[in-house]
Each structure stands twice: as C-alpha cells, then as structure tokens.
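Taking it in order: structure first as structure tokens, then the write-up.
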Amino acid sequence: MCNIMAGATNNSVGRPCEDQAMTLDQFVESMETRLFGLGRRLWLDDPLIQMREQAEELSEEMQHRTAAVARCKDALHETRVRLRQREMRAAQLQSHIETFVHVGDQTHAWQYALELDQLRPTIQADRSEVERLERQRGHLESHVRPLERSLAGLQQKLYPNG
C-alpha cells in the first residue's frame, strides 16, 4: 500500500507511488479496451462489425496522418516566412555595403559585411529546411491518399445508399 507522504515508495517495486497510481483516464481507457475485446470475441464472425472496426481504425489513422501533414505544413510555412525575412535582410545589408563602399565609409561597410557573412549560413540552413519539409510533406501526403481511398471504399460498402 502506498504511503501518502511525498517520496514514499512501494516496497515491492521501489518506485514512487504516483508512478503506480492509475488516473481516471487510464482506468476508463483500460475498461474500454477490455469491453471492446470482449465484444470482439463475442461477435467475431459478423463481417459488418469487422468492416466498421476497420473503417474506424482507418479513420483514426487518417486523422493522425492528416494532423502530421498539417504540422508539417505549419513548419514549412514558418520556415518560408523566416527565410524570406532573412533574404530581405541580406538584400538590405548588401545595399548598405555598396552604399558605404561608394561613399568611402569602410568601417560601416565592414560591419554590414560581417553581419551579411553571418547571415548567409542561416539562409542556406533555412533553404535546406524548406527542401526537407517539402519532401516530408509529400511523403506524409502520399500516406494519406491510400487511407482516404480505403476508407471511402469501406464506407461505400457499409452505406451503399449514402
């Protein structure tokens, strides 16, 4: 039995009690899983139930994949915005450098040249990140399309008039 005091441990395992306590969500999920398994064993041969379960699993998988695509698109958008800002800054710096060289102010030209030199690797890193995210988005989207087709086919079988 767990002691209420902080840091108390279960003697048989040696871990804090809070690691072994089951939250209400975990309990409900555990009971749901058990009931689902029981129902599955009772009605194992019903093809309609099997198709519904498969449709539900496909729908959940599609939701996860679609969410991953959305996260990737968000990251891609943020990276593109950051890249545009850095490229605009680089263009400004280049313009300042040219102006200061033209008027003979080597000190300011040198300062802007150093900043531009430090900015170029980050621009290149952002460009590489955009390319990587575009590939990743395409890869993720290629996994969503077959799920959509499979789910549509199952739904057509389950609900032929709908």
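We name chains A, B, ... following the order of the structure tokens; residues begin at 1 in each chain, and ligands are numbered from 1 as shown.
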
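If you count only C-alpha atoms and ignore residues fewer than 5 places along the chain from A:Met88, what sits within 12 Å of it is Val81, Arg82, Leu83, Leu93, Gln94, Ser95, Leu116, Leu119, Arg120 and Ile123 of chain A.
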
Saved selection, atoms kept: N, CA and C atoms, as a PDB file, in the first residue's frame:
```
ATOM      1  N   VAL A  81       8.579  31.833 -44.184  1.00  0.00           N
ATOM      2  CA  VAL A  81       8.484  33.225 -43.724  1.00  0.00           C
ATOM      3  C   VAL A  81       9.831  33.685 -43.184  1.00  0.00           C
ATOM      4  N   ARG A  82      10.441  32.859 -42.350  1.00  0.00           N
ATOM      5  CA  ARG A  82      11.751  33.195 -41.775  1.00  0.00           C
ATOM      6  C   ARG A  82      12.795  33.358 -42.880  1.00  0.00           C
ATOM      7  N   LEU A  83      12.766  32.480 -43.870  1.00  0.00           N
ATOM      8  CA  LEU A  83      13.711  32.563 -44.989  1.00  0.00           C
ATOM      9  C   LEU A  83      13.529  33.869 -45.757  1.00  0.00           C
ATOM     10  N   LEU A  93      21.404  44.488 -46.344  1.00  0.00           N
ATOM     11  CA  LEU A  93      22.816  44.568 -45.966  1.00  0.00           C
ATOM     12  C   LEU A  93      23.694  44.780 -47.185  1.00  0.00           C
ATOM     13  N   GLN A  94      23.409  44.050 -48.257  1.00  0.00           N
ATOM     14  CA  GLN A  94      24.188  44.195 -49.485  1.00  0.00           C
ATOM     15  C   GLN A  94      24.094  45.620 -50.009  1.00  0.00           C
ATOM     16  N   SER A  95      22.893  46.179 -49.953  1.00  0.00           N
ATOM     17  CA  SER A  95      22.700  47.555 -50.399  1.00  0.00           C
ATOM     18  C   SER A  95      23.479  48.537 -49.523  1.00  0.00           C
ATOM     19  N   LEU A 116      26.330  40.290 -42.843  1.00  0.00           N
ATOM     20  CA  LEU A 116      25.888  39.526 -44.015  1.00  0.00           C
ATOM     21  C   LEU A 116      26.576  38.161 -44.062  1.00  0.00           C
ATOM     22  N   LEU A 119      24.893  35.935 -41.706  1.00  0.00           N
ATOM     23  CA  LEU A 119      23.519  35.637 -42.093  1.00  0.00           C
ATOM     24  C   LEU A 119      23.439  34.568 -43.188  1.00  0.00           C
ATOM     25  N   ARG A 120      24.419  34.518 -44.047  1.00  0.00           N
ATOM     26  CA  ARG A 120      24.368  33.578 -45.189  1.00  0.00           C
ATOM     27  C   ARG A 120      24.222  32.107 -44.787  1.00  0.00           C
ATOM     28  N   ILE A 123      20.637  31.444 -43.867  1.00  0.00           N
ATOM     29  CA  ILE A 123      19.786  31.428 -45.058  1.00  0.00           C
ATOM     30  C   ILE A 123      19.901  30.074 -45.743  1.00  0.00           C
TER      31      ILE A 123
END
```

>> With only C-alpha atoms as the counted atoms, please give the residues lying no more than 12 Å from A:Asp74, apart from itself and same-chain residues fewer than 4 positions off, as a PyMOL selection string.
In response: chain A and resi 67-70+78-81+130+133-134+137

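Distance check against A:Met51 using only C-alpha atoms: of A:Gln155, A:Lys73, A:Pro160, A:Asp105, the minimum falls on A:Gln155.
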
> What is the atom CA of A:Thr23 to atom CA of A:Leu35 distance in Å?
Replying inline: 18.3 Å

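A straight line drawn from atom CA of A:Gln26 to atom CA of A:Leu58 is 23.3 Å long.
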
>> Need the shell around A:Leu140: protein/DNA/RNA residues with any atom at most 9 Å away, counting only C-alpha atoms. Skip same-chain ones fewer than 3 positions apart. Format as number ranges by chain?
In response: A: 65-66, 68-69, 72, 135-137, 143-144

>> Give me the residues near A:Lys157 as a list of chain:residue names, where near means some atom within 10 Å (using only C-alpha atoms) and where sequence neighbours in that chain fewer than 5 positions away do not count.
In response: A:Leu48, A:Met51, A:Arg52, A:Leu151, A:Ala152, A:Gly162

Any chance you could export the current selection's C-alpha atoms as a short mmCIF file (atom, residue, chain, number, x, y, z; two decimals), in the first residue's frame?
```cif
data_model
loop_
_atom_site.label_atom_id
_atom_site.label_comp_id
_atom_site.auth_asym_id
_atom_site.auth_seq_id
_atom_site.Cartn_x
_atom_site.Cartn_y
_atom_site.Cartn_z
CA LEU A 48 -20.39 -5.83 -40.90
CA MET A 51 -15.85 -3.59 -41.66
CA ARG A 52 -17.00 -0.93 -39.16
CA LEU A 151 -11.90 4.40 -46.12
CA ALA A 152 -14.09 5.60 -49.00
CA GLY A 162 -25.46 7.13 -48.50
#
```

> Given the choices A:Arg86, A:Asn161, A:Glu61, A:His102, which gets closest to A:Glu148 if the distance is worked out from only C-alpha atoms?
Replying inline: A:Glu61

> What does the distance between atom CA of A:Tyr112 and atom CA of A:Phe100 come to in Å, to one decimal place?
Replying inline: 9.2 Å

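Using only C-alpha atoms, the smallest distance between any of A:Pro121, A:Met62, A:Leu154, A:Trp110 and A:Gln50 comes from A:Leu154.
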
> Which residue out of A:Gln54, A:Gln63, A:Thr107, A:Gln118 has the minimum interatomic distance to A:Ala90 when only C-alpha atoms are used?
Replying inline: A:Gln118

> Mind checking DSSP for stretch 4-162 of chain A and telling me the alpha helix (DSSP H) residues as a PyMOL selection string?
Replying inline: chain A and resi 17-20+24-42+47-103+106-158
